[in-house]
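With mmCIF, C-alpha atoms and all ligand atoms inside, this is final26.cif:
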data_target
#
loop_
_atom_site.label_atom_id
_atom_site.label_comp_id
_atom_site.auth_asym_id
_atom_site.auth_seq_id
_atom_site.Cartn_x
_atom_site.Cartn_y
_atom_site.Cartn_z
CA MET A 205 0.00 0.00 0.00
CA ASN A 206 1.33 3.46 -0.84
CA GLY A 207 1.69 6.02 1.94
CA GLY A 208 0.69 9.66 1.63
CA ALA A 209 4.23 11.01 2.11
CA LEU A 210 5.70 9.06 -0.80
CA LYS A 211 6.86 10.85 -3.92
CA LYS A 212 4.30 10.80 -6.73
CA ALA A 213 5.00 8.85 -9.91
CA ASN A 214 3.01 7.87 -12.97
CA ILE A 215 2.69 4.43 -14.42
CA ALA A 216 2.25 5.78 -17.93
CA LEU A 217 0.49 4.04 -20.80
CA PHE A 218 0.21 5.78 -24.14
CA VAL A 219 -2.98 5.30 -26.12
CA PRO A 220 -1.88 6.94 -29.36
CA LEU A 221 -4.17 8.20 -32.11
CA ASN A 222 -6.75 5.48 -31.58
CA GLY A 223 -10.10 7.20 -31.87
CA CYS A 224 -8.67 10.59 -32.74
CA PRO A 225 -10.45 11.99 -35.80
CA HIS A 226 -8.15 15.03 -35.95
CA ARG A 227 -4.73 15.77 -37.33
CA CYS A 228 -3.55 18.85 -35.48
CA SER A 229 -0.88 20.83 -37.31
CA PHE A 230 1.86 19.93 -34.82
CA CYS A 231 0.97 16.35 -34.02
CA ASP A 232 2.55 13.18 -35.16
CA GLN A 233 1.74 10.95 -32.22
CA ARG A 234 3.97 8.19 -33.51
CA ILE A 235 6.91 10.53 -33.01
CA ILE A 236 5.78 12.16 -29.80
CA THR A 237 5.08 8.95 -27.91
CA GLY A 238 7.77 6.99 -29.74
CA LYS A 239 5.31 4.21 -30.63
CA ALA A 240 1.96 3.68 -32.31
CA TYR A 241 1.11 0.51 -30.38
CA GLN A 242 -2.32 0.31 -28.72
CA PRO A 243 -1.97 -1.01 -25.16
CA THR A 244 -4.12 -3.92 -23.97
CA GLU A 245 -5.46 -4.81 -20.52
CA GLU A 246 -2.49 -7.16 -20.21
CA ASP A 247 -0.16 -4.21 -20.80
CA VAL A 248 -1.85 -2.32 -17.96
CA HIS A 249 -1.31 -5.28 -15.60
CA ASN A 250 2.30 -5.70 -16.71
CA ALA A 251 3.10 -1.99 -16.35
CA VAL A 252 1.64 -1.89 -12.82
CA LYS A 253 3.36 -5.11 -11.76
CA THR A 254 6.71 -3.87 -13.07
CA ALA A 255 6.32 -0.58 -11.21
CA LEU A 256 5.26 -2.25 -7.97
CA SER A 257 8.11 -4.76 -8.10
CA SER A 258 10.69 -1.93 -8.03
CA SER A 259 12.57 -1.61 -4.73
CA ARG A 260 11.79 2.14 -4.59
CA ARG A 261 8.31 2.97 -3.34
CA TYR A 262 6.19 5.72 -4.86
CA ASN A 263 2.67 7.07 -4.60
CA TYR A 264 1.65 5.73 -8.00
CA GLU A 265 -1.08 6.85 -10.36
CA ILE A 266 -1.87 4.99 -13.57
CA ALA A 267 -1.78 7.51 -16.42
CA PHE A 268 -3.43 7.02 -19.80
CA PHE A 269 -1.76 9.65 -21.95
CA GLY A 270 -2.02 10.25 -25.67
CA GLY A 271 -4.47 13.11 -25.87
CA SER A 272 -7.79 11.53 -26.85
CA PHE A 273 -8.57 8.94 -24.19
CA THR A 274 -12.32 9.67 -23.91
CA ALA A 275 -12.67 9.73 -27.71
CA ILE A 276 -11.42 6.17 -28.22
CA ASP A 277 -13.80 3.24 -28.66
CA ARG A 278 -15.89 3.21 -25.47
CA ASN A 279 -15.58 -0.56 -24.88
CA TYR A 280 -11.82 -0.42 -25.32
CA MET A 281 -11.63 2.56 -22.96
CA ILE A 282 -13.66 0.70 -20.33
CA LYS A 283 -11.47 -2.40 -20.65
CA LEU A 284 -8.34 -0.34 -19.97
CA LEU A 285 -10.02 1.48 -17.09
CA GLY A 286 -11.33 -1.81 -15.65
CA ALA A 287 -7.79 -3.25 -15.61
CA ALA A 288 -6.43 -0.11 -13.95
CA TYR A 289 -9.26 0.23 -11.43
CA GLN A 290 -8.35 -3.10 -9.77
CA TYR A 291 -5.16 -1.46 -8.47
CA VAL A 292 -7.02 1.59 -7.19
CA LYS A 293 -9.40 -0.67 -5.27
CA SER A 294 -6.54 -2.73 -3.82
CA GLY A 295 -4.76 0.48 -2.76
CA ASP A 296 -1.65 -0.30 -4.84
CA VAL A 297 -2.12 2.95 -6.77
CA SER A 298 -3.78 6.11 -5.55
CA GLY A 299 -5.69 6.98 -8.72
CA ILE A 300 -5.95 7.12 -12.48
CA ARG A 301 -5.13 10.11 -14.70
CA ILE A 302 -6.18 10.51 -18.29
CA SER A 303 -5.51 13.10 -20.97
CA THR A 304 -8.07 14.02 -23.56
CA ARG A 305 -9.54 16.69 -25.82
CA PRO A 306 -11.92 19.33 -24.42
CA ASP A 307 -14.65 18.37 -26.90
CA ALA A 308 -14.48 14.72 -25.82
CA ILE A 309 -15.85 15.55 -22.35
CA ASP A 310 -19.50 15.38 -21.37
CA GLU A 311 -21.45 14.42 -18.25
CA ASN A 312 -21.89 10.89 -19.53
CA VAL A 313 -18.22 10.14 -19.98
CA LEU A 314 -17.44 11.80 -16.65
CA ASP A 315 -19.88 9.32 -15.01
CA VAL A 316 -17.89 6.46 -16.53
CA LEU A 317 -14.53 7.93 -15.48
CA LYS A 318 -15.79 8.52 -11.94
CA SER A 319 -17.08 4.96 -11.61
CA TYR A 320 -13.65 3.57 -12.60
CA GLY A 321 -11.67 5.59 -10.09
CA VAL A 322 -10.28 8.27 -12.41
CA THR A 323 -9.02 11.14 -10.26
CA SER A 324 -7.36 13.57 -12.68
CA ILE A 325 -8.28 14.73 -16.15
CA GLU A 326 -5.91 16.70 -18.33
CA LEU A 327 -7.24 18.62 -21.28
CA GLY A 328 -5.22 19.67 -24.28
CA ALA A 329 -6.34 23.29 -24.45
CA GLN A 330 -3.27 24.37 -26.48
CA SER A 331 -4.56 27.92 -27.09
CA MET A 332 -7.46 30.02 -25.85
CA ASN A 333 -7.54 32.01 -29.08
CA ASP A 334 -10.07 30.70 -31.61
CA GLY A 335 -8.04 31.90 -34.60
CA VAL A 336 -4.96 29.98 -33.42
CA LEU A 337 -7.03 26.86 -32.67
CA GLU A 338 -8.54 26.98 -36.13
CA LYS A 339 -5.28 27.60 -37.92
CA ASN A 340 -3.78 24.57 -36.22
CA GLY A 341 -6.70 22.28 -36.99
CA ARG A 342 -7.65 21.55 -33.40
CA GLY A 343 -11.33 21.08 -34.23
CA HIS A 344 -12.59 22.79 -31.06
CA ASN A 345 -12.80 26.35 -29.84
CA ALA A 346 -11.77 28.06 -26.61
CA GLN A 347 -15.30 27.86 -25.22
CA ALA A 348 -15.06 24.05 -25.36
CA VAL A 349 -12.07 24.28 -23.01
CA VAL A 350 -14.03 26.52 -20.62
CA LEU A 351 -17.10 24.25 -20.57
CA ALA A 352 -15.12 21.00 -20.18
CA SER A 353 -12.95 22.51 -17.43
CA GLN A 354 -16.00 23.69 -15.50
CA MET A 355 -17.67 20.28 -15.80
CA ILE A 356 -14.52 18.47 -14.65
CA LYS A 357 -14.11 20.71 -11.61
CA ARG A 358 -17.79 20.53 -10.70
CA ARG A 359 -17.56 16.74 -10.62
CA GLY A 360 -14.59 16.85 -8.23
CA PHE A 361 -11.81 15.65 -10.56
CA SER A 362 -8.41 17.25 -10.43
CA LEU A 363 -8.08 19.41 -13.55
CA GLY A 364 -4.92 19.69 -15.63
CA LEU A 365 -4.64 22.00 -18.63
CA GLN A 366 -2.03 21.78 -21.34
CA MET A 367 -1.05 24.76 -23.45
CA MET A 368 1.32 25.18 -26.36
CA THR A 369 3.41 28.24 -27.10
CA GLY A 370 4.55 29.42 -30.52
CA LEU A 371 1.83 27.72 -32.56
CA CYS A 372 1.15 28.83 -36.12
CA GLY A 373 -0.68 32.19 -35.99
CA SER A 374 0.23 32.79 -32.35
CA ASN A 375 2.76 35.10 -30.73
CA ALA A 376 4.02 35.92 -27.23
CA ALA A 377 1.05 38.21 -26.47
CA LEU A 378 -1.51 35.59 -27.54
CA ASP A 379 0.31 32.90 -25.55
CA GLU A 380 0.24 35.14 -22.48
CA TYR A 381 -3.47 35.63 -23.10
CA THR A 382 -3.90 31.84 -23.18
CA ALA A 383 -2.08 31.55 -19.84
CA ASP A 384 -4.33 34.25 -18.32
CA LYS A 385 -7.48 32.48 -19.54
CA ILE A 386 -6.16 29.17 -18.17
CA ILE A 387 -5.51 30.82 -14.79
CA GLU A 388 -9.16 31.97 -14.75
CA LEU A 389 -10.18 28.30 -14.98
CA SER A 390 -8.16 27.48 -11.81
CA PRO A 391 -6.60 24.21 -12.92
CA ASP A 392 -4.66 22.18 -10.36
CA THR A 393 -1.79 21.64 -12.78
CA VAL A 394 -0.53 22.95 -16.10
CA ARG A 395 1.79 21.58 -18.76
CA ILE A 396 3.44 23.95 -21.21
CA TYR A 397 4.74 22.62 -24.50
CA PRO A 398 6.66 25.01 -26.75
CA THR A 399 5.79 24.04 -30.31
CA VAL A 400 8.38 21.86 -31.98
CA THR A 401 8.08 21.45 -35.76
CA LEU A 402 8.35 17.79 -36.63
CA LYS A 403 8.78 15.92 -39.89
CA GLY A 404 5.57 14.60 -41.39
CA THR A 405 3.32 17.19 -39.73
CA ARG A 406 1.32 19.94 -41.35
CA LEU A 407 3.49 22.47 -39.50
CA GLU A 408 6.48 21.25 -41.48
CA LYS A 409 4.69 22.19 -44.71
CA LEU A 410 3.59 25.56 -43.30
CA TYR A 411 7.16 26.24 -42.20
CA GLU A 412 8.59 25.26 -45.58
CA SER A 413 6.10 27.46 -47.41
CA GLY A 414 7.03 30.40 -45.19
CA GLU A 415 3.56 30.58 -43.68
CA TYR A 416 4.81 29.59 -40.25
CA ASN A 417 7.67 31.34 -38.45
CA PRO A 418 8.55 29.24 -35.40
CA MET A 419 9.73 31.00 -32.25
CA THR A 420 13.47 30.79 -31.73
CA LEU A 421 14.72 28.93 -28.68
CA SER A 422 15.61 32.16 -26.90
CA GLU A 423 12.20 33.77 -27.65
CA SER A 424 10.58 30.64 -26.35
CA VAL A 425 12.69 30.66 -23.16
CA ASN A 426 11.89 34.34 -22.49
CA LEU A 427 8.16 33.70 -22.92
CA CYS A 428 8.02 30.49 -20.91
CA ALA A 429 10.02 32.00 -18.02
CA LEU A 430 7.32 34.65 -17.82
CA LEU A 431 4.52 32.04 -17.98
CA LEU A 432 6.21 30.01 -15.25
CA ASP A 433 6.20 33.08 -13.03
CA LYS A 434 2.57 33.86 -13.90
CA PHE A 435 1.34 30.38 -12.95
CA SER A 436 3.45 30.24 -9.80
CA LYS A 437 1.99 33.58 -8.63
CA HIS A 438 -1.44 31.92 -8.84
CA ASN A 439 -0.22 28.76 -7.04
CA ILE A 440 -0.74 26.65 -10.16
CA GLU A 441 1.90 23.97 -10.47
CA VAL A 442 3.57 23.65 -13.87
CA ILE A 443 4.19 19.90 -13.91
CA ARG A 444 5.83 19.86 -17.33
CA LEU A 445 7.63 22.47 -19.37
CA GLY A 446 8.98 21.26 -22.71
CA LEU A 447 8.66 17.99 -24.61
CA HIS A 448 10.27 14.84 -23.22
CA TYR A 449 13.49 13.95 -24.97
CA SER A 450 13.58 10.92 -27.20
CA GLU A 451 16.05 9.93 -29.89
CA GLN A 452 13.24 9.74 -32.41
CA LEU A 453 12.02 13.21 -31.50
CA GLU A 454 15.48 14.67 -31.99
CA LYS A 455 15.78 12.98 -35.41
CA ASP A 456 12.42 14.37 -36.55
CA ILE A 457 12.92 17.99 -35.60
CA VAL A 458 12.66 20.29 -38.61
CA TYR A 459 13.36 23.68 -37.02
CA ASP A 460 15.94 23.74 -34.29
CA ASN A 461 14.25 25.39 -31.30
CA TYR A 462 14.17 22.29 -29.09
CA HIS A 463 16.28 21.92 -25.97
CA PRO A 464 16.19 18.76 -23.81
CA ALA A 465 16.68 20.83 -20.63
CA PHE A 466 14.18 23.50 -21.65
CA ARG A 467 12.68 23.92 -18.20
CA GLU A 468 16.05 24.56 -16.64
CA LEU A 469 16.76 27.26 -19.25
CA CYS A 470 13.45 28.95 -18.35
CA GLU A 471 14.08 28.70 -14.62
CA SER A 472 17.55 30.21 -15.06
CA LYS A 473 16.05 33.05 -17.05
CA LEU A 474 13.37 33.58 -14.41
CA MET A 475 15.98 33.79 -11.65
CA PHE A 476 18.07 36.20 -13.69
CA ASP A 477 15.01 38.41 -14.20
CA LYS A 478 14.24 38.29 -10.47
CA PHE A 479 17.80 39.34 -9.70
CA MET A 480 17.52 42.31 -12.06
CA GLU A 481 14.14 43.24 -10.62
CA VAL A 482 15.52 43.38 -7.05
CA CYS A 483 18.62 45.29 -8.19
CA ASN A 484 16.52 47.86 -10.01
CA LYS A 485 13.98 48.18 -7.19
CA ARG A 486 16.63 48.62 -4.49
CA ASP A 487 18.88 50.66 -6.76
CA ILE A 488 21.77 48.33 -5.92
CA ASP A 489 25.29 49.54 -6.59
CA LYS A 490 26.86 47.23 -9.21
CA SER A 491 30.35 47.73 -7.83
CA GLY A 492 29.46 46.37 -4.35
CA ASN A 493 30.04 42.74 -3.40
CA ILE A 494 26.63 41.20 -4.01
CA THR A 495 25.73 37.88 -2.37
CA VAL A 496 22.76 36.09 -3.89
CA TRP A 497 21.08 33.55 -1.61
CA VAL A 498 19.13 30.83 -3.37
CA ASN A 499 17.54 27.54 -2.39
CA PRO A 500 20.10 24.67 -2.49
CA SER A 501 18.13 23.10 -5.36
CA CYS A 502 18.56 26.27 -7.43
CA VAL A 503 22.26 27.13 -7.25
CA SER A 504 23.05 25.72 -10.69
CA LYS A 505 19.85 27.26 -12.07
CA PHE A 506 20.90 30.72 -10.92
CA ILE A 507 24.39 30.23 -12.33
CA GLY A 508 22.88 29.05 -15.62
CA GLN A 509 24.01 26.54 -18.21
CA LYS A 510 27.69 27.09 -19.04
CA ARG A 511 27.56 29.88 -16.38
CA ALA A 512 25.43 31.93 -18.77
CA ASN A 513 23.80 34.09 -16.07
CA ILE A 514 27.05 34.77 -14.21
CA LEU A 515 28.86 35.70 -17.43
CA LYS A 516 26.04 38.01 -18.43
CA LEU A 517 26.04 39.67 -15.00
CA GLU A 518 29.83 40.08 -15.10
CA GLU A 519 29.52 41.65 -18.53
CA MET A 520 26.99 44.07 -17.07
CA GLY A 521 29.47 44.95 -14.32
CA TYR A 522 27.94 43.00 -11.41
CA ASN A 523 30.18 41.24 -8.94
CA VAL A 524 28.07 38.34 -7.71
CA ASN A 525 28.68 35.55 -5.21
CA VAL A 526 26.06 32.75 -5.12
CA LYS A 527 25.26 30.96 -1.83
CA SER A 528 22.67 28.37 -0.93
CA GLU A 529 20.17 28.92 1.87
CA GLN A 530 17.43 26.45 2.78
CA SER A 531 14.99 29.16 3.92
CA VAL A 532 14.86 30.74 0.44
CA LEU A 533 12.03 29.27 -1.62
CA PRO A 534 12.87 27.50 -4.90
CA LEU A 535 13.32 29.97 -7.79
CA GLU A 536 13.31 32.92 -5.35
CA ILE A 537 16.38 34.98 -4.49
CA LYS A 538 17.61 37.12 -1.60
CA LEU A 539 20.38 39.68 -1.93
CA SER A 540 22.84 41.21 0.47
CA VAL A 541 25.35 43.84 -0.58
CA GLU A 542 28.64 44.97 0.94
CA SER A 543 29.87 48.25 -0.47
S1 LIG B 1 -6.32 15.76 -31.11
FE1 LIG B 1 -4.50 15.19 -29.97
S2 LIG B 1 -4.01 13.19 -30.72
FE2 LIG B 1 -5.43 14.03 -32.19
S3 LIG B 1 -4.14 14.92 -33.76
FE3 LIG B 1 -4.60 16.53 -32.29
S4 LIG B 1 -2.92 16.50 -30.80
FE4 LIG B 1 -2.85 14.60 -31.99
#
Once more with this new file: its structure as structure tokens, please.
Amino acid sequence: MNGGALKKANIALFVPLNGCPHRCSFCDQRIITGKAYQPTEEDVHNAVKTALSSSRRYNYEIAFFGGSFTAIDRNYMIKLLGAAYQYVKSGDVSGIRISTRPDAIDENVLDVLKSYGVTSIELGAQSMNDGVLEKNGRGHNAQAVVLASQMIKRRGFSLGLQMMTGLCGSNAALDEYTADKIIELSPDTVRIYPTVTLKGTRLEKLYESGEYNPMTLSESVNLCALLLDKFSKHNIEVIRLGLHYSEQLEKDIVYDNYHPAFRELCESKLMFDKFMEVCNKRDIDKSGNITVWVNPSCVSKFIGQKRANILKLEEMGYNVNVKSEQSVLPLEIKLSVES
């Protein structure tokens, strides 16, 4: 039986494309999940048994990812849920998460999910701008995200919302707007995926024809650092920032704005911005000896990859010494200055 204090972990099963009538501009599920195989009940049992046989103990949830779970064949969906639910009832896992499209949610399907122990539902909102949704072939509008989110919350599920930045027809201002609209829906968690242009997708064609100008990596980092800060100010946990690395993904990238440690780049940028904000607010003298106190988990984030933040600060004339301090919250900073 899993205890409440254990670290959370997903036993993830991907249910790719099955049942999905759409072909969003950015999506090639075969690439994103690394496989096009449809899992069976047996696969659910095997995945749970493998996880439970590990010597490390976690607070497990079974996660059906893939983006269209409630749109797949209903009998197949129920078979997978039935296999998973056994482990919820036995207490071996604490719940079931699924990810799906906003327009594949209604009261009826929520009844089914509830009766099989589903605890969390993640919706692929992607954008809250109808023009962007249309341009990228999502097949639903922003209102569908609002209605599905409200229904999910009303029925007592944990709500997760996924958004994408840098889609075709979007820009930093529209992506910020999407984040603001998502905040209004009070999700429990958010995932942010900067758009990556992959071979075989419609985005590839739009990019090649010049109709789509992807965000550069640095534009994307600047924007996502800001979004990270926005969500954290509203106590909404960003549980994923950036696509998971896979060899296949790296091979299929058409425009190079992907970074495997994307989140760390954004967190470094955020800490740099916070440093500058404090310096400007307190009118700190650059020539003084500045000590920056950060949480022990964030020392390397403040320093930045290849010491990028420190080098930039030195270039700007700051003399900075970084120290770790447990009482400082992650991603926050405290400064002391000796003249
Ligand atoms: S709805 Fe989801 S699974 Fe279907 S094409 Fe779009 S992103 Fe891919």
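Remark: for A:Glu529, the closest of the candidate residues A:Val350, A:Leu314, A:Leu363, A:Val503 is A:Val503 (distances computed over all atoms listed in the file).
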> Quick one: distance from atom CA of A:Gln347 to atom FE4 of ligand LIG 1 (chain B) in Å, one decimal?
Replying inline: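 Atom-to-atom, atom CA of A:Gln347 to atom FE4 of ligand LIG 1 (chain B), that is 19.4 Å.
Within 10 Å of the point (8.6, 23.5, -19.9), and counting all atoms listed in the file, the protein, DNA and RNA residues are Met368, Val394, Arg395, Ile396, Tyr397, Pro398, Ser424, Val425, Cys428, Ala429, Leu431, Leu432, Val442, Ile443, Arg444, Leu445, Gly446, Leu447, His448, His463, Pro464, Ala465, Phe466, Arg467, Glu468, Leu469, Cys470 and Glu471 of chain A.
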With 4 Å on each side, where is the centre of the axis-aligned box around all listed atoms of ligand LIG 1 (chain B), and how long are its edges in Å to one decimal, as AutoDock Vina command-line options?
--center_x -4.6 --center_y 14.9 --center_z -31.9 --size_x 11.5 --size_y 11.3 --size_z 11.8
Could you list, with a cut-off of 10 Å and counting only C-alpha atoms and all ligand atoms, the residues of chain A near ligand LIG 1 (chain B), each shown with its nearest atom pair and the distance in Å rounded to one decimal, rows sorted by chain and ascending number, as CSV?
residue,atom,partner,partner_atom,distance
A:Val219,CA,B:LIG1,S2,9.2
A:Pro220,CA,B:LIG1,S2,6.7
A:Leu221,CA,B:LIG1,S2,5.2
A:Asn222,CA,B:LIG1,S2,8.2
A:Gly223,CA,B:LIG1,FE2,8.3
A:Cys224,CA,B:LIG1,FE2,4.8
A:Pro225,CA,B:LIG1,FE2,6.5
A:His226,CA,B:LIG1,S3,4.6
A:Arg227,CA,B:LIG1,S3,3.7
A:Cys228,CA,B:LIG1,FE3,4.1
A:Ser229,CA,B:LIG1,FE3,7.6
A:Phe230,CA,B:LIG1,S4,7.1
A:Cys231,CA,B:LIG1,FE4,4.7
A:Asp232,CA,B:LIG1,FE4,6.4
A:Gln233,CA,B:LIG1,FE4,5.9
A:Arg234,CA,B:LIG1,FE4,9.5
A:Ile236,CA,B:LIG1,FE4,9.2
A:Phe269,CA,B:LIG1,S2,9.7
A:Gly270,CA,B:LIG1,S2,6.2
A:Gly271,CA,B:LIG1,FE1,4.6
A:Ser272,CA,B:LIG1,S2,5.7
A:Phe273,CA,B:LIG1,S2,9.0
A:Ala275,CA,B:LIG1,S1,9.4
A:Ser303,CA,B:LIG1,FE1,9.3
A:Thr304,CA,B:LIG1,FE1,7.4
A:Arg305,CA,B:LIG1,S1,6.3
A:Pro306,CA,B:LIG1,S1,9.4
A:Asp307,CA,B:LIG1,S1,9.7
A:Ala308,CA,B:LIG1,S1,9.8
A:Leu327,CA,B:LIG1,FE1,9.7
A:Gly328,CA,B:LIG1,FE1,7.3
A:Ala329,CA,B:LIG1,S4,9.9
A:Gln330,CA,B:LIG1,S4,9.0
A:Asn340,CA,B:LIG1,FE3,9.0
A:Gly341,CA,B:LIG1,FE3,7.7
A:Arg342,CA,B:LIG1,FE3,6.0
A:Gly343,CA,B:LIG1,S1,7.9
A:His344,CA,B:LIG1,S1,9.4
A:Thr405,CA,B:LIG1,S3,9.8
>> Set the distance at 12 Å and use only C-alpha atoms: which residues neighbour A:Ser362 once local chain neighbours fewer than 4 positions away are removed? I'd like the list as a PyMOL selection string.
In response: chain A and resi 299-303+318+322-327+353-358+390-394
>> So that I can check the surroundings of A:Lys211, please list as a PyMOL selection string every protein, DNA and RNA residue that reaches within 12 Å of it, counting only C-alpha atoms and ignoring chain neighbours fewer than 5 positions away.
In response: chain A and resi 206+260-265+298
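Here atom CA of A:Phe268 stands at a distance of 6.1 Å from atom CA of A:Ala216.
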>> I'd like the contact shell of A:Lys505 - 9 Å cut-off, only C-alpha atoms, skipping same-chain residues fewer than 4 positions apart - returned as number ranges by chain.
In response: A: 468-469, 471-473, 475, 501, 509, 513, 535
> If you measure from atom CA of A:Asp487 to atom CA of A:Lys527, what distance in Å do you get, rounded to one decimal?
Replying inline: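 Atom-to-atom, atom CA of A:Asp487 to atom CA of A:Lys527, that is 21.3 Å.
Ranking A:Glu536, A:Glu415, A:Glu408, A:Asp477 by their shortest atom-to-atom distance to A:Ser436, with all atoms listed in the file included, puts A:Glu536 first.
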Add whatever atoms are absent from stretch 342-365 of chain A to reach N, CA and C atoms, and provide the output as a PDB file, keeping the file's coordinate frame.
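As written to disk, out_28.pdb reads:
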ATOM      1  N   ARG A 342      -7.296  22.251 -34.634  1.00  0.00           N
ATOM      2  CA  ARG A 342      -7.650  21.550 -33.400  1.00  0.00           C
ATOM      3  C   ARG A 342      -9.070  20.981 -33.430  1.00  0.00           C
ATOM      4  N   GLY A 343      -9.969  21.619 -34.158  1.00  0.00           N
ATOM      5  CA  GLY A 343     -11.330  21.080 -34.230  1.00  0.00           C
ATOM      6  C   GLY A 343     -12.196  21.403 -33.032  1.00  0.00           C
ATOM      7  N   HIS A 344     -11.734  22.295 -32.153  1.00  0.00           N
ATOM      8  CA  HIS A 344     -12.590  22.790 -31.060  1.00  0.00           C
ATOM      9  C   HIS A 344     -12.229  24.246 -30.825  1.00  0.00           C
ATOM     10  N   ASN A 345     -13.111  24.948 -30.132  1.00  0.00           N
ATOM     11  CA  ASN A 345     -12.800  26.350 -29.840  1.00  0.00           C
ATOM     12  C   ASN A 345     -12.467  26.533 -28.366  1.00  0.00           C
ATOM     13  N   ALA A 346     -12.182  27.785 -27.995  1.00  0.00           N
ATOM     14  CA  ALA A 346     -11.770  28.060 -26.610  1.00  0.00           C
ATOM     15  C   ALA A 346     -12.917  27.810 -25.630  1.00  0.00           C
ATOM     16  N   GLN A 347     -14.147  28.062 -26.096  1.00  0.00           N
ATOM     17  CA  GLN A 347     -15.300  27.860 -25.220  1.00  0.00           C
ATOM     18  C   GLN A 347     -15.423  26.386 -24.809  1.00  0.00           C
ATOM     19  N   ALA A 348     -15.022  25.481 -25.698  1.00  0.00           N
ATOM     20  CA  ALA A 348     -15.060  24.050 -25.360  1.00  0.00           C
ATOM     21  C   ALA A 348     -14.129  23.756 -24.183  1.00  0.00           C
ATOM     22  N   VAL A 349     -13.014  24.467 -24.125  1.00  0.00           N
ATOM     23  CA  VAL A 349     -12.070  24.280 -23.010  1.00  0.00           C
ATOM     24  C   VAL A 349     -12.712  24.778 -21.708  1.00  0.00           C
ATOM     25  N   VAL A 350     -13.391  25.933 -21.805  1.00  0.00           N
ATOM     26  CA  VAL A 350     -14.030  26.520 -20.620  1.00  0.00           C
ATOM     27  C   VAL A 350     -15.110  25.559 -20.095  1.00  0.00           C
ATOM     28  N   LEU A 351     -15.977  25.099 -20.997  1.00  0.00           N
ATOM     29  CA  LEU A 351     -17.100  24.250 -20.570  1.00  0.00           C
ATOM     30  C   LEU A 351     -16.600  22.924 -19.989  1.00  0.00           C
ATOM     31  N   ALA A 352     -15.631  22.288 -20.672  1.00  0.00           N
ATOM     32  CA  ALA A 352     -15.120  21.000 -20.180  1.00  0.00           C
ATOM     33  C   ALA A 352     -14.426  21.187 -18.833  1.00  0.00           C
ATOM     34  N   SER A 353     -13.665  22.268 -18.694  1.00  0.00           N
ATOM     35  CA  SER A 353     -12.950  22.510 -17.430  1.00  0.00           C
ATOM     36  C   SER A 353     -13.943  22.690 -16.285  1.00  0.00           C
ATOM     37  N   GLN A 354     -15.003  23.455 -16.548  1.00  0.00           N
ATOM     38  CA  GLN A 354     -16.000  23.690 -15.500  1.00  0.00           C
ATOM     39  C   GLN A 354     -16.685  22.393 -15.086  1.00  0.00           C
ATOM     40  N   MET A 355     -17.019  21.563 -16.089  1.00  0.00           N
ATOM     41  CA  MET A 355     -17.670  20.280 -15.800  1.00  0.00           C
ATOM     42  C   MET A 355     -16.760  19.389 -14.948  1.00  0.00           C
ATOM     43  N   ILE A 356     -15.497  19.340 -15.340  1.00  0.00           N
ATOM     44  CA  ILE A 356     -14.520  18.470 -14.650  1.00  0.00           C
ATOM     45  C   ILE A 356     -14.373  18.904 -13.188  1.00  0.00           C
ATOM     46  N   LYS A 357     -14.283  20.208 -12.981  1.00  0.00           N
ATOM     47  CA  LYS A 357     -14.110  20.710 -11.610  1.00  0.00           C
ATOM     48  C   LYS A 357     -15.356  20.479 -10.769  1.00  0.00           C
ATOM     49  N   ARG A 358     -16.520  20.716 -11.412  1.00  0.00           N
ATOM     50  CA  ARG A 358     -17.790  20.530 -10.700  1.00  0.00           C
ATOM     51  C   ARG A 358     -17.946  19.095 -10.206  1.00  0.00           C
ATOM     52  N   ARG A 359     -17.413  18.149 -10.987  1.00  0.00           N
ATOM     53  CA  ARG A 359     -17.560  16.740 -10.620  1.00  0.00           C
ATOM     54  C   ARG A 359     -16.444  16.269  -9.679  1.00  0.00           C
ATOM     55  N   GLY A 360     -15.583  17.180  -9.258  1.00  0.00           N
ATOM     56  CA  GLY A 360     -14.590  16.850  -8.230  1.00  0.00           C
ATOM     57  C   GLY A 360     -13.325  16.161  -8.731  1.00  0.00           C
ATOM     58  N   PHE A 361     -13.080  16.184 -10.049  1.00  0.00           N
ATOM     59  CA  PHE A 361     -11.810  15.650 -10.560  1.00  0.00           C
ATOM     60  C   PHE A 361     -10.743  16.726 -10.408  1.00  0.00           C
ATOM     61  N   SER A 362      -9.504  16.288 -10.343  1.00  0.00           N
ATOM     62  CA  SER A 362      -8.410  17.250 -10.430  1.00  0.00           C
ATOM     63  C   SER A 362      -8.289  17.638 -11.915  1.00  0.00           C
ATOM     64  N   LEU A 363      -8.129  18.926 -12.161  1.00  0.00           N
ATOM     65  CA  LEU A 363      -8.080  19.410 -13.550  1.00  0.00           C
ATOM     66  C   LEU A 363      -6.651  19.806 -13.940  1.00  0.00           C
ATOM     67  N   GLY A 364      -6.204  19.271 -15.071  1.00  0.00           N
ATOM     68  CA  GLY A 364      -4.920  19.690 -15.630  1.00  0.00           C
ATOM     69  C   GLY A 364      -5.179  20.316 -17.001  1.00  0.00           C
ATOM     70  N   LEU A 365      -4.490  21.395 -17.293  1.00  0.00           N
ATOM     71  CA  LEU A 365      -4.640  22.000 -18.630  1.00  0.00           C
ATOM     72  C   LEU A 365      -3.267  22.067 -19.297  1.00  0.00           C
TER      73      LEU A 365
END
